Structures are given as structure tokens and as C-alpha cells.
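The data block below is my_file.cif; it holds mmCIF, C-alpha atoms.
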data_run
#
loop_
_atom_site.group_PDB
_atom_site.id
_atom_site.type_symbol
_atom_site.label_atom_id
_atom_site.label_comp_id
_atom_site.auth_asym_id
_atom_site.auth_seq_id
_atom_site.Cartn_x
_atom_site.Cartn_y
_atom_site.Cartn_z
ATOM 1 C CA MET A 1 0.000 0.000 0.000
ATOM 2 C CA LYS A 2 1.245 3.484 -0.761
ATOM 3 C CA SER A 3 0.243 5.341 2.370
ATOM 4 C CA ASP A 4 -1.419 5.084 5.769
ATOM 5 C CA GLN A 5 -4.279 7.149 4.333
ATOM 6 C CA ILE A 6 -4.947 4.503 1.686
ATOM 7 C CA MET A 7 -4.745 1.719 4.256
ATOM 8 C CA ASN A 8 -7.365 3.455 6.381
ATOM 9 C CA ASP A 9 -9.702 4.532 3.586
ATOM 10 C CA VAL A 10 -10.112 1.435 1.405
ATOM 11 C CA LYS A 11 -13.241 -0.434 2.541
ATOM 12 C CA VAL A 12 -15.414 -3.272 1.368
ATOM 13 C CA THR A 13 -18.977 -2.824 2.602
ATOM 14 C CA THR A 14 -21.413 -5.741 2.771
ATOM 15 C CA GLU A 15 -24.979 -6.232 3.938
ATOM 16 C CA ASN A 16 -26.244 -6.502 7.534
ATOM 17 C CA ASP A 17 -23.782 -3.945 8.923
ATOM 18 C CA ILE A 18 -20.785 -6.110 8.022
ATOM 19 C CA ARG A 19 -17.803 -4.339 6.522
ATOM 20 C CA ALA A 20 -14.156 -5.005 5.770
ATOM 21 C CA SER A 21 -11.408 -2.435 6.117
ATOM 22 C CA TYR A 22 -7.657 -2.221 6.559
ATOM 23 C CA LEU A 23 -6.738 -2.239 10.246
ATOM 24 C CA SER A 24 -5.349 0.821 11.992
ATOM 25 C CA ALA A 25 -2.263 0.707 14.230
ATOM 26 C CA GLY A 26 -4.450 1.002 17.308
ATOM 27 C CA GLU A 27 -6.240 -2.253 16.453
ATOM 28 C CA LEU A 28 -3.140 -4.460 16.255
ATOM 29 C CA LYS A 29 -3.375 -5.631 19.883
ATOM 30 C CA LEU A 30 -7.007 -6.635 19.405
ATOM 31 C CA ALA A 31 -6.081 -8.435 16.182
ATOM 32 C CA ALA A 32 -3.231 -10.256 17.952
ATOM 33 C CA SER A 33 -5.638 -11.501 20.628
ATOM 34 C CA LEU A 34 -8.090 -12.747 18.003
ATOM 35 C CA LEU A 35 -5.325 -14.553 16.085
ATOM 36 C CA PHE A 36 -4.017 -16.175 19.258
ATOM 37 C CA GLN A 37 -7.459 -17.614 20.022
ATOM 38 C CA SER A 38 -7.641 -19.071 16.534
ATOM 39 C CA TYR A 39 -4.088 -20.411 16.202
ATOM 40 C CA GLN A 40 -3.264 -21.760 19.668
ATOM 41 C CA ASP A 41 -4.416 -25.237 18.563
ATOM 42 C CA ASP A 42 -2.884 -25.077 15.088
ATOM 43 C CA PRO A 43 -0.700 -28.198 14.546
ATOM 44 C CA VAL A 44 2.178 -26.289 12.937
ATOM 45 C CA PHE A 45 2.412 -23.679 15.684
ATOM 46 C CA LYS A 46 2.096 -26.347 18.374
ATOM 47 C CA ASP A 47 5.036 -28.123 16.765
ATOM 48 C CA VAL A 48 7.163 -25.035 16.098
ATOM 49 C CA PHE A 49 6.643 -23.491 19.546
ATOM 50 C CA ASP A 50 6.612 -26.803 21.437
ATOM 51 C CA ALA A 51 3.157 -26.945 22.984
ATOM 52 C CA SER A 52 4.249 -29.822 25.234
ATOM 53 C CA SER A 53 6.586 -27.598 27.271
ATOM 54 C CA SER A 54 5.738 -24.746 29.633
ATOM 55 C CA GLY A 55 5.504 -21.235 28.227
ATOM 56 C CA TYR A 56 3.893 -22.270 24.930
ATOM 57 C CA GLU A 57 1.168 -19.630 25.111
ATOM 58 C CA GLN A 58 3.703 -16.927 25.928
ATOM 59 C CA ARG A 59 5.903 -17.920 22.994
ATOM 60 C CA LEU A 60 2.961 -18.029 20.598
ATOM 61 C CA ARG A 61 1.621 -14.657 21.772
ATOM 62 C CA ALA A 62 5.080 -13.122 21.276
ATOM 63 C CA ALA A 63 5.350 -14.619 17.795
ATOM 64 C CA ILE A 64 1.928 -13.364 16.691
ATOM 65 C CA ARG A 65 2.623 -9.912 18.138
ATOM 66 C CA GLU A 66 5.895 -9.610 16.231
ATOM 67 C CA GLU A 67 4.363 -11.047 13.060
ATOM 68 C CA LEU A 68 1.707 -8.330 13.092
ATOM 69 C CA ALA A 69 4.340 -5.679 13.767
ATOM 70 C CA ALA A 70 6.333 -6.992 10.800
ATOM 71 C CA PHE A 71 3.261 -6.855 8.558
ATOM 72 C CA TRP A 72 2.543 -3.286 9.636
ATOM 73 C CA GLN A 73 6.116 -2.050 9.213
ATOM 74 C CA ALA A 74 6.414 -3.713 5.803
ATOM 75 C CA ARG A 75 3.104 -2.058 4.816
ATOM 76 C CA GLN A 76 1.467 -5.364 3.979
ATOM 77 C CA PRO A 77 -2.350 -5.581 4.024
ATOM 78 C CA ILE A 78 -4.001 -6.491 7.321
ATOM 79 C CA MET A 79 -7.729 -6.759 6.698
ATOM 80 C CA GLY A 80 -10.306 -6.508 9.474
ATOM 81 C CA LEU A 81 -13.903 -7.712 9.281
ATOM 82 C CA TYR A 82 -16.377 -5.781 11.428
ATOM 83 C CA LEU A 83 -19.874 -6.479 12.659
ATOM 84 C CA GLY A 84 -20.983 -2.993 13.512
ATOM 85 C CA GLU A 85 -17.966 -1.621 15.379
ATOM 86 C CA ALA A 86 -16.772 -5.003 16.669
ATOM 87 C CA LEU A 87 -13.751 -6.648 15.054
ATOM 88 C CA VAL A 88 -14.802 -10.230 14.263
ATOM 89 C CA GLY A 89 -12.182 -11.305 11.725
ATOM 90 C CA VAL A 90 -8.605 -10.676 10.614
ATOM 91 C CA ALA A 91 -6.607 -11.615 7.520
ATOM 92 C CA CYS A 92 -2.891 -10.903 6.988
ATOM 93 C CA ILE A 93 -1.666 -10.967 3.410
ATOM 94 C CA ASN A 94 1.903 -10.939 2.083
ATOM 95 C CA SER A 95 2.767 -9.784 -1.413
ATOM 96 C CA SER A 96 5.314 -11.863 -3.295
ATOM 97 C CA GLY A 97 8.814 -11.163 -2.036
ATOM 98 C CA GLN A 98 7.586 -8.948 0.805
ATOM 99 C CA GLY A 99 8.597 -10.394 4.166
ATOM 100 C CA LEU A 100 8.222 -14.032 3.096
ATOM 101 C CA GLY A 101 10.630 -16.784 4.005
ATOM 102 C CA SER A 102 14.156 -16.255 5.276
ATOM 103 C CA GLU A 103 14.526 -12.642 4.142
ATOM 104 C CA ARG A 104 13.163 -11.175 7.366
ATOM 105 C CA PHE A 105 14.504 -7.802 8.440
ATOM 106 C CA TRP A 106 16.900 -7.993 11.358
ATOM 107 C CA HIS A 107 14.836 -6.161 13.985
ATOM 108 C CA TRP A 108 11.956 -8.618 13.511
ATOM 109 C CA ARG A 109 14.327 -11.519 14.157
ATOM 110 C CA LEU A 110 15.783 -9.832 17.222
ATOM 111 C CA LYS A 111 12.389 -9.126 18.810
ATOM 112 C CA MET A 112 11.145 -12.587 17.886
ATOM 113 C CA MET A 113 14.184 -14.226 19.508
ATOM 114 C CA LEU A 114 13.674 -12.212 22.697
ATOM 115 C CA GLY A 115 10.004 -13.164 22.934
ATOM 116 C CA ALA A 116 9.859 -16.676 21.478
ATOM 117 C CA GLY A 117 13.457 -17.893 21.750
ATOM 118 C CA TYR A 118 16.210 -18.484 19.207
ATOM 119 C CA PHE A 119 15.285 -22.080 18.353
ATOM 120 C CA ASN A 120 11.589 -21.320 17.904
ATOM 121 C CA THR A 121 12.383 -18.284 15.738
ATOM 122 C CA LYS A 122 14.651 -20.407 13.562
ATOM 123 C CA GLN A 123 11.909 -23.019 13.269
ATOM 124 C CA MET A 124 9.366 -20.365 12.299
ATOM 125 C CA ILE A 125 11.569 -18.985 9.525
ATOM 126 C CA GLU A 126 12.328 -22.477 8.196
ATOM 127 C CA LYS A 127 8.602 -23.318 8.231
ATOM 128 C CA GLU A 128 7.809 -20.239 6.148
ATOM 129 C CA GLN A 129 10.601 -21.001 3.683
ATOM 130 C CA ILE A 130 9.390 -24.570 3.108
ATOM 131 C CA ILE A 131 5.910 -23.296 2.268
ATOM 132 C CA VAL A 132 7.158 -20.462 0.053
ATOM 133 C CA ASP A 133 9.429 -22.836 -1.882
ATOM 134 C CA ALA A 134 6.436 -25.071 -2.606
ATOM 135 C CA VAL A 135 4.313 -22.337 -4.252
ATOM 136 C CA PRO A 136 4.344 -22.898 -8.056
ATOM 137 C CA LEU A 137 3.909 -19.188 -8.874
ATOM 138 C CA ASN A 138 6.313 -16.319 -9.477
ATOM 139 C CA ASN A 139 4.142 -13.392 -8.336
ATOM 140 C CA TYR A 140 1.477 -14.082 -5.767
ATOM 141 C CA HIS A 141 0.000 -13.179 -2.386
ATOM 142 C CA MET A 142 0.317 -15.416 0.665
ATOM 143 C CA LEU A 143 -2.547 -15.534 3.142
ATOM 144 C CA SER A 144 -0.384 -15.945 6.237
ATOM 145 C CA PHE A 145 -3.117 -15.571 8.877
ATOM 146 C CA ILE A 146 -6.889 -15.682 8.710
ATOM 147 C CA ALA A 147 -9.220 -15.903 11.682
ATOM 148 C CA ILE A 148 -12.837 -15.374 12.700
ATOM 149 C CA HIS A 149 -13.675 -14.764 16.356
ATOM 150 C CA PRO A 150 -14.862 -18.051 17.955
ATOM 151 C CA LEU A 151 -18.227 -16.519 18.895
ATOM 152 C CA HIS A 152 -18.899 -15.580 15.257
ATOM 153 C CA GLN A 153 -17.829 -18.731 13.447
ATOM 154 C CA HIS A 154 -20.204 -20.774 11.273
ATOM 155 C CA HIS A 155 -22.211 -17.685 10.301
ATOM 156 C CA GLY A 156 -20.645 -16.985 6.901
ATOM 157 C CA PHE A 157 -18.163 -14.362 8.105
ATOM 158 C CA GLY A 158 -15.239 -16.301 6.659
ATOM 159 C CA HIS A 159 -16.690 -15.894 3.173
ATOM 160 C CA TYR A 160 -16.976 -12.136 3.691
ATOM 161 C CA LEU A 161 -13.358 -11.975 4.831
ATOM 162 C CA LEU A 162 -12.092 -13.934 1.828
ATOM 163 C CA ALA A 163 -14.093 -11.619 -0.423
ATOM 164 C CA ALA A 164 -12.100 -8.751 1.109
ATOM 165 C CA VAL A 165 -8.868 -10.667 0.432
ATOM 166 C CA ASN A 166 -9.957 -10.967 -3.199
ATOM 167 C CA THR A 167 -10.160 -7.174 -3.437
ATOM 168 C CA VAL A 168 -6.458 -7.021 -2.526
ATOM 169 C CA LEU A 169 -5.768 -9.484 -5.341
ATOM 170 C CA ASP A 170 -7.912 -7.435 -7.742
ATOM 171 C CA GLU A 171 -5.964 -4.272 -6.902
ATOM 172 C CA ASN A 172 -2.638 -5.953 -7.765
ATOM 173 C CA GLN A 173 -2.827 -6.986 -11.383
ATOM 174 C CA ASP A 174 0.650 -8.578 -11.401
ATOM 175 C CA SER A 175 -0.350 -11.151 -8.781
ATOM 176 C CA GLU A 176 -1.250 -14.591 -10.110
ATOM 177 C CA GLY A 177 -3.271 -15.612 -7.064
ATOM 178 C CA VAL A 178 -3.444 -16.114 -3.309
ATOM 179 C CA ALA A 179 -1.761 -19.089 -1.603
ATOM 180 C CA ILE A 180 -2.478 -20.560 1.833
ATOM 181 C CA TYR A 181 -1.181 -23.523 3.833
ATOM 182 C CA VAL A 182 -4.016 -25.503 5.436
ATOM 183 C CA THR A 183 -3.558 -28.194 8.108
ATOM 184 C CA SER A 184 -7.165 -28.873 9.156
ATOM 185 C CA ASP A 185 -9.657 -30.936 7.147
ATOM 186 C CA LYS A 186 -12.580 -28.690 8.093
ATOM 187 C CA TYR A 187 -10.738 -25.622 6.817
ATOM 188 C CA LEU A 188 -9.666 -27.550 3.727
ATOM 189 C CA GLU A 189 -13.333 -27.963 2.782
ATOM 190 C CA PHE A 190 -14.067 -24.306 3.543
ATOM 191 C CA PHE A 191 -11.323 -23.052 1.224
ATOM 192 C CA LYS A 192 -12.425 -25.460 -1.495
ATOM 193 C CA GLU A 193 -15.871 -23.867 -1.263
ATOM 194 C CA CYS A 194 -14.178 -20.494 -1.784
ATOM 195 C CA ASP A 195 -12.451 -21.567 -5.006
ATOM 196 C CA TYR A 196 -9.074 -22.510 -3.529
ATOM 197 C CA GLN A 197 -7.454 -25.502 -5.213
ATOM 198 C CA VAL A 198 -5.127 -28.030 -3.579
ATOM 199 C CA VAL A 199 -1.824 -27.997 -5.468
ATOM 200 C CA LYS A 200 0.302 -30.280 -3.267
ATOM 201 C CA GLU A 201 0.871 -31.721 0.180
ATOM 202 C CA VAL A 202 3.650 -30.035 2.141
ATOM 203 C CA THR A 203 5.295 -31.363 5.309
ATOM 204 C CA VAL A 204 6.482 -28.802 7.842
ATOM 205 C CA GLY A 205 8.292 -30.381 10.789
ATOM 206 C CA LYS A 206 6.008 -33.162 12.020
ATOM 207 C CA VAL A 207 2.896 -31.797 10.303
ATOM 208 C CA THR A 208 1.629 -32.472 6.783
ATOM 209 C CA GLY A 209 -0.843 -29.990 5.302
ATOM 210 C CA HIS A 210 -2.160 -28.818 1.964
ATOM 211 C CA LEU A 211 -0.889 -25.907 -0.070
ATOM 212 C CA MET A 212 -3.921 -24.288 -1.714
ATOM 213 C CA ILE A 213 -4.175 -21.498 -4.287
ATOM 214 C CA HIS A 214 -6.977 -19.209 -5.377
ATOM 215 C CA TYR A 215 -5.972 -18.291 -8.923
ATOM 216 C CA ARG A 216 -6.715 -14.943 -10.502
ATOM 217 C CA GLU A 217 -9.620 -15.228 -12.905
ATOM 218 C CA GLN A 218 -8.466 -15.081 -16.498
ATOM 219 C CA GLU A 219 -10.092 -12.306 -18.479
#
As C-alpha cells, what does this structure read like?
Amino acid sequence: MKSDQIMNDVKVTTENDIRASYLSAGELKLAASLLFQSYQDDPVFKDVFDASSSGYEQRLRAAIREELAAFWQARQPIMGLYLGEALVGVACINSSGQGLGSERFWHWRLKMMLGAGYFNTKQMIEKEQIIVDAVPLNNYHMLSFIAIHPLHQHHGFGHYLLAAVNTVLDENQDSEGVAIYVTSDKYLEFFKECDYQVVKEVTVGKVTGHLMIHYREQE
């Protein structure tokens, strides 16, 4: 995005007082809390941040907090879905070559190591690189995080949020599509419903998931 003004002004309005908009800096803490609730049982994060040992929640919270800070500083889209004034969903989207894989900027790594530990940070970077290397596209977006508040799941909000993600794709004509790594069967079916195609199985650590892509519609 070109400016904070653009990030605040671009909106996708839907029916029933549901709207999507780019998050403001003041909403990052709320977004981090929502993402933590959604990802604390994710198999990859449980493996990377060692859910069997004490301090797992602290390490995961630190990782999510620094991930959001990295997205914000790199000016990558963070979409929020609102029901009235309440934030009910979040999606974090990377553009190709922007903060993906091992090319993290040094201050992100430093803060991540302080909060989550050196080994866990190294594991996180390696996990991202494995997924990025598996994407069969040159220019694309990566849907790194997507979450709907637990109290608002199973009401169609996920479809609204993915529609907002599609507007980011539409605004970037060089992008070939949006990729996501899915480790849960129930989410696999959801993304299939939303026109995401399974392109291959990818193993990250001890977890095997599906790399899925929503391709840009050909004109």
C-alpha cells in the first residue's frame, strides 16, 4: 500500500452492517488476541513453539505480536472484518517477495528471539521457507493468517473476509493468485468452497498440510 491514508480509507462494505477495512495501528493488539485464540491449537504452531513444554502460550503470543508488527512495518495488508464496530475477523496478506521466508529484516528476528526464543524463531523462519518454496507461482499473495472470532464462526463471516482478500488481489494486477497452507480438514473444505485448489501436500516439521491457491480469474 502506498500510504497510511490509503490503508485506512479502502473499505469493502457488505450487507447486515458487516464491513471489511484495513486495520489501523491502534487495532493491532485486538487483532493479535483474536489470532491467538484461533491459532493456539494449530498443529504447525504447536510443533514449532513446542506446545508440550511450559511457556507455549507466551511464545505463541510473542510470535503473533511480532508477526503483526512486521506486517505493519512492511506495509502489507491487514484486513479486518467488522460487525458494527466489533472486530470479528482478521486476515494478513503478504505480497510476493515482501517479508516471506528467510529474508526477514533484522529487527523482527531480534524481537522474535527475545520473545519466542532463538530455536523457535529459527523453526518459524524455516517453516515459512518450506511453504514459500512449494508455491508454483512467481508473483502471488500469501494468506499468512486468517481468523474469525470463535463466537462468530459458522455464520458466513469467513466468506466475507475472503471476499475482502480478493479485493487485494484485484488491486494488484501482477499477482497470479493467493496461496495458503491448510492443516485442518474442516478448513480444507471451507477453502475449497471459496475456489481454492489443492496444489500439493507439504510437510512442515512433524505436520503435513495442503498448499492451496486461489488463482486470478483469467479475463
Surrounding residues of Leu60 (chain A) excluding itself and chain neighbours under 3 positions, 9 Å, all atoms listed in the file, as an MDAnalysis selection string | chainID A and resid 36 39:40 45:46 49 55:57 63:65 115:116
Go ahead and compute the interatomic distance for CA of Asp41 (chain A) and CA of Tyr22 (chain A), in Å to one decimal.
->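 Computed distance, CA of Asp41 (chain A) to CA of Tyr22 (chain A), equals 26.2 Å.
Each of A:Ile213, A:Pro77, A:Phe145, A:His155 was checked against Glu171 (chain A) using all atoms listed in the file; the smallest atom-to-atom distance is that of A:Pro77.
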Decode the PyMOL selection byres ((chain A and resi 29) around 12) for the given file into explicit residues and return them as a PDB file with C-alpha atoms, in the coordinates of the input.
ATOM      1  CA  LEU A  23      -6.738  -2.239  10.246  1.00  0.00           C
ATOM      2  CA  SER A  24      -5.349   0.821  11.992  1.00  0.00           C
ATOM      3  CA  ALA A  25      -2.263   0.707  14.230  1.00  0.00           C
ATOM      4  CA  GLY A  26      -4.450   1.002  17.308  1.00  0.00           C
ATOM      5  CA  GLU A  27      -6.240  -2.253  16.453  1.00  0.00           C
ATOM      6  CA  LEU A  28      -3.140  -4.460  16.255  1.00  0.00           C
ATOM      7  CA  LEU A  30      -7.007  -6.635  19.405  1.00  0.00           C
ATOM      8  CA  ALA A  31      -6.081  -8.435  16.182  1.00  0.00           C
ATOM      9  CA  ALA A  32      -3.231 -10.256  17.952  1.00  0.00           C
ATOM     10  CA  SER A  33      -5.638 -11.501  20.628  1.00  0.00           C
ATOM     11  CA  LEU A  34      -8.090 -12.747  18.003  1.00  0.00           C
ATOM     12  CA  LEU A  35      -5.325 -14.553  16.085  1.00  0.00           C
ATOM     13  CA  PHE A  36      -4.017 -16.175  19.258  1.00  0.00           C
ATOM     14  CA  ARG A  61       1.621 -14.657  21.772  1.00  0.00           C
ATOM     15  CA  ALA A  62       5.080 -13.122  21.276  1.00  0.00           C
ATOM     16  CA  ILE A  64       1.928 -13.364  16.691  1.00  0.00           C
ATOM     17  CA  ARG A  65       2.623  -9.912  18.138  1.00  0.00           C
ATOM     18  CA  GLU A  66       5.895  -9.610  16.231  1.00  0.00           C
ATOM     19  CA  GLU A  67       4.363 -11.047  13.060  1.00  0.00           C
ATOM     20  CA  LEU A  68       1.707  -8.330  13.092  1.00  0.00           C
ATOM     21  CA  ALA A  69       4.340  -5.679  13.767  1.00  0.00           C
ATOM     22  CA  LEU A  87     -13.751  -6.648  15.054  1.00  0.00           C
ATOM     23  CA  VAL A  90      -8.605 -10.676  10.614  1.00  0.00           C
TER      24      VAL A  90
END
Separation of CA of Ile93 (chain A) from CA of Ser38 (chain A), in Å and rounded to one decimal =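 Distance reported for this atom pair: 16.5 Å.
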Carefully work through the PyMOL selection byres ((chain A and resi 140) around 12) for this structure and note down the residues it includes, as a ChimeraX atom specification.
-> /A:93-98,100,132,135-139,141-143,168-170,172-180,213-216
With C-alpha atoms retained, export the selected residues as a PDB file, keeping the file's coordinate frame.
ATOM      1  CA  ILE A  93      -1.666 -10.967   3.410  1.00  0.00           C
ATOM      2  CA  ASN A  94       1.903 -10.939   2.083  1.00  0.00           C
ATOM      3  CA  SER A  95       2.767  -9.784  -1.413  1.00  0.00           C
ATOM      4  CA  SER A  96       5.314 -11.863  -3.295  1.00  0.00           C
ATOM      5  CA  GLY A  97       8.814 -11.163  -2.036  1.00  0.00           C
ATOM      6  CA  GLN A  98       7.586  -8.948   0.805  1.00  0.00           C
ATOM      7  CA  LEU A 100       8.222 -14.032   3.096  1.00  0.00           C
ATOM      8  CA  VAL A 132       7.158 -20.462   0.053  1.00  0.00           C
ATOM      9  CA  VAL A 135       4.313 -22.337  -4.252  1.00  0.00           C
ATOM     10  CA  PRO A 136       4.344 -22.898  -8.056  1.00  0.00           C
ATOM     11  CA  LEU A 137       3.909 -19.188  -8.874  1.00  0.00           C
ATOM     12  CA  ASN A 138       6.313 -16.319  -9.477  1.00  0.00           C
ATOM     13  CA  ASN A 139       4.142 -13.392  -8.336  1.00  0.00           C
ATOM     14  CA  HIS A 141       0.000 -13.179  -2.386  1.00  0.00           C
ATOM     15  CA  MET A 142       0.317 -15.416   0.665  1.00  0.00           C
ATOM     16  CA  LEU A 143      -2.547 -15.534   3.142  1.00  0.00           C
ATOM     17  CA  VAL A 168      -6.458  -7.021  -2.526  1.00  0.00           C
ATOM     18  CA  LEU A 169      -5.768  -9.484  -5.341  1.00  0.00           C
ATOM     19  CA  ASP A 170      -7.912  -7.435  -7.742  1.00  0.00           C
ATOM     20  CA  ASN A 172      -2.638  -5.953  -7.765  1.00  0.00           C
ATOM     21  CA  GLN A 173      -2.827  -6.986 -11.383  1.00  0.00           C
ATOM     22  CA  ASP A 174       0.650  -8.578 -11.401  1.00  0.00           C
ATOM     23  CA  SER A 175      -0.350 -11.151  -8.781  1.00  0.00           C
ATOM     24  CA  GLU A 176      -1.250 -14.591 -10.110  1.00  0.00           C
ATOM     25  CA  GLY A 177      -3.271 -15.612  -7.064  1.00  0.00           C
ATOM     26  CA  VAL A 178      -3.444 -16.114  -3.309  1.00  0.00           C
ATOM     27  CA  ALA A 179      -1.761 -19.089  -1.603  1.00  0.00           C
ATOM     28  CA  ILE A 180      -2.478 -20.560   1.833  1.00  0.00           C
ATOM     29  CA  ILE A 213      -4.175 -21.498  -4.287  1.00  0.00           C
ATOM     30  CA  HIS A 214      -6.977 -19.209  -5.377  1.00  0.00           C
ATOM     31  CA  TYR A 215      -5.972 -18.291  -8.923  1.00  0.00           C
ATOM     32  CA  ARG A 216      -6.715 -14.943 -10.502  1.00  0.00           C
TER      33      ARG A 216
END
Find the spatial neighbours of region 195-205 of chain A, counting all atoms listed in the file, within a cut-off of 9 Å - ignore same-chain residues fewer than 2 positions away - and output them as a VMD selection string.
-> chain A and resid 44 47 to 48 123 126 to 128 130 to 131 134 to 136 178 to 181 188 190 to 193 207 to 215
Requested write-out: C-alpha atoms of the selected residues, as an mmCIF file, in the frame of the given file:
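Result went into out04.cif, see below:
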data_model
loop_
_atom_site.group_PDB
_atom_site.id
_atom_site.type_symbol
_atom_site.label_atom_id
_atom_site.label_comp_id
_atom_site.auth_asym_id
_atom_site.auth_seq_id
_atom_site.Cartn_x
_atom_site.Cartn_y
_atom_site.Cartn_z
ATOM 1 C CA VAL A 44 2.178 -26.289 12.937
ATOM 2 C CA ASP A 47 5.036 -28.123 16.765
ATOM 3 C CA VAL A 48 7.163 -25.035 16.098
ATOM 4 C CA GLN A 123 11.909 -23.019 13.269
ATOM 5 C CA GLU A 126 12.328 -22.477 8.196
ATOM 6 C CA LYS A 127 8.602 -23.318 8.231
ATOM 7 C CA GLU A 128 7.809 -20.239 6.148
ATOM 8 C CA ILE A 130 9.390 -24.570 3.108
ATOM 9 C CA ILE A 131 5.910 -23.296 2.268
ATOM 10 C CA ALA A 134 6.436 -25.071 -2.606
ATOM 11 C CA VAL A 135 4.313 -22.337 -4.252
ATOM 12 C CA PRO A 136 4.344 -22.898 -8.056
ATOM 13 C CA VAL A 178 -3.444 -16.114 -3.309
ATOM 14 C CA ALA A 179 -1.761 -19.089 -1.603
ATOM 15 C CA ILE A 180 -2.478 -20.560 1.833
ATOM 16 C CA TYR A 181 -1.181 -23.523 3.833
ATOM 17 C CA LEU A 188 -9.666 -27.550 3.727
ATOM 18 C CA PHE A 190 -14.067 -24.306 3.543
ATOM 19 C CA PHE A 191 -11.323 -23.052 1.224
ATOM 20 C CA LYS A 192 -12.425 -25.460 -1.495
ATOM 21 C CA GLU A 193 -15.871 -23.867 -1.263
ATOM 22 C CA VAL A 207 2.896 -31.797 10.303
ATOM 23 C CA THR A 208 1.629 -32.472 6.783
ATOM 24 C CA GLY A 209 -0.843 -29.990 5.302
ATOM 25 C CA HIS A 210 -2.160 -28.818 1.964
ATOM 26 C CA LEU A 211 -0.889 -25.907 -0.070
ATOM 27 C CA MET A 212 -3.921 -24.288 -1.714
ATOM 28 C CA ILE A 213 -4.175 -21.498 -4.287
ATOM 29 C CA HIS A 214 -6.977 -19.209 -5.377
ATOM 30 C CA TYR A 215 -5.972 -18.291 -8.923
#
What does the distance between CA of Cys194 (chain A) and CA of Leu162 (chain A) come to in Å, to one decimal place?
->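 Calculated distance between CA of Cys194 (chain A) and CA of Leu162 (chain A) is 7.8 Å.
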Hey, can I get the axis-aligned box for region 77-87 of chain A? All listed atoms, 3 Å padding on each side, centre and edge lengths in Å to one decimal, as lines of an AutoDock Vina configuration file.
center_x = -11.7
center_y = -4.7
center_z = 10.3
size_x = 24.6
size_y = 12.1
size_z = 18.6
May I have the residues within 10 Å of Gln153 (chain A) as a VMD selection string, using all atoms listed in the file and disregarding those fewer than 6 positions away in the same chain?
-> chain A and resid 88 to 89 147
So which one's closest to His149 (chain A), A:Arg19, A:Ala86, A:Lys206, A:Pro43? Using all atoms listed in the file, please.
->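 Answer, going by the shortest atom-to-atom distance: A:Ala86.
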Mind telling me what the PyMOL selection byres ((chain A and resi 160) around 9) catches here, as a ChimeraX atom specification?
-> /A:14,18-20,81,156-159,161-165
Could you pull region 194-199 of chain A out of the structure just shown and give all heavy atoms as a PDB file, in the first residue's frame?
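Generated output (selection_21.pdb):
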ATOM      1  N   CYS A 194     -14.506 -21.868  -1.392  1.00  0.00           N
ATOM      2  CA  CYS A 194     -14.178 -20.494  -1.784  1.00  0.00           C
ATOM      3  C   CYS A 194     -13.223 -20.446  -2.970  1.00  0.00           C
ATOM      4  O   CYS A 194     -12.500 -19.456  -3.166  1.00  0.00           O
ATOM      5  CB  CYS A 194     -13.596 -19.741  -0.591  1.00  0.00           C
ATOM      6  SG  CYS A 194     -14.739 -19.563   0.791  1.00  0.00           S
ATOM      7  N   ASP A 195     -13.202 -21.523  -3.756  1.00  0.00           N
ATOM      8  CA  ASP A 195     -12.451 -21.567  -5.006  1.00  0.00           C
ATOM      9  C   ASP A 195     -10.943 -21.619  -4.805  1.00  0.00           C
ATOM     10  O   ASP A 195     -10.184 -21.130  -5.639  1.00  0.00           O
ATOM     11  CB  ASP A 195     -12.828 -20.377  -5.900  1.00  0.00           C
ATOM     12  CG  ASP A 195     -12.444 -20.602  -7.357  1.00  0.00           C
ATOM     13  OD1 ASP A 195     -12.472 -21.766  -7.802  1.00  0.00           O
ATOM     14  OD2 ASP A 195     -12.094 -19.617  -8.044  1.00  0.00           O
ATOM     15  N   TYR A 196     -10.497 -22.213  -3.710  1.00  0.00           N
ATOM     16  CA  TYR A 196      -9.074 -22.510  -3.529  1.00  0.00           C
ATOM     17  C   TYR A 196      -8.834 -23.955  -3.948  1.00  0.00           C
ATOM     18  O   TYR A 196      -9.599 -24.852  -3.582  1.00  0.00           O
ATOM     19  CB  TYR A 196      -8.651 -22.311  -2.078  1.00  0.00           C
ATOM     20  CG  TYR A 196      -8.398 -20.865  -1.708  1.00  0.00           C
ATOM     21  CD1 TYR A 196      -9.457 -19.966  -1.581  1.00  0.00           C
ATOM     22  CD2 TYR A 196      -7.107 -20.386  -1.487  1.00  0.00           C
ATOM     23  CE1 TYR A 196      -9.242 -18.639  -1.250  1.00  0.00           C
ATOM     24  CE2 TYR A 196      -6.883 -19.053  -1.153  1.00  0.00           C
ATOM     25  CZ  TYR A 196      -7.954 -18.192  -1.032  1.00  0.00           C
ATOM     26  OH  TYR A 196      -7.730 -16.882  -0.702  1.00  0.00           O
ATOM     27  N   GLN A 197      -7.770 -24.173  -4.708  1.00  0.00           N
ATOM     28  CA  GLN A 197      -7.454 -25.502  -5.213  1.00  0.00           C
ATOM     29  C   GLN A 197      -6.229 -26.067  -4.503  1.00  0.00           C
ATOM     30  O   GLN A 197      -5.252 -25.356  -4.276  1.00  0.00           O
ATOM     31  CB  GLN A 197      -7.179 -25.445  -6.714  1.00  0.00           C
ATOM     32  CG  GLN A 197      -8.318 -24.890  -7.539  1.00  0.00           C
ATOM     33  CD  GLN A 197      -7.959 -24.751  -9.001  1.00  0.00           C
ATOM     34  OE1 GLN A 197      -7.149 -25.528  -9.537  1.00  0.00           O
ATOM     35  NE2 GLN A 197      -8.556 -23.769  -9.673  1.00  0.00           N
ATOM     36  N   VAL A 198      -6.294 -27.352  -4.158  1.00  0.00           N
ATOM     37  CA  VAL A 198      -5.127 -28.030  -3.579  1.00  0.00           C
ATOM     38  C   VAL A 198      -4.101 -28.265  -4.678  1.00  0.00           C
ATOM     39  O   VAL A 198      -4.423 -28.825  -5.732  1.00  0.00           O
ATOM     40  CB  VAL A 198      -5.528 -29.371  -2.942  1.00  0.00           C
ATOM     41  CG1 VAL A 198      -4.281 -30.117  -2.467  1.00  0.00           C
ATOM     42  CG2 VAL A 198      -6.498 -29.155  -1.791  1.00  0.00           C
ATOM     43  N   VAL A 199      -2.866 -27.801  -4.456  1.00  0.00           N
ATOM     44  CA  VAL A 199      -1.824 -27.997  -5.468  1.00  0.00           C
ATOM     45  C   VAL A 199      -0.795 -29.040  -5.040  1.00  0.00           C
ATOM     46  O   VAL A 199      -0.186 -29.689  -5.888  1.00  0.00           O
ATOM     47  CB  VAL A 199      -1.119 -26.667  -5.824  1.00  0.00           C
ATOM     48  CG1 VAL A 199      -2.075 -25.722  -6.512  1.00  0.00           C
ATOM     49  CG2 VAL A 199      -0.525 -26.009  -4.588  1.00  0.00           C
TER      50      VAL A 199
END
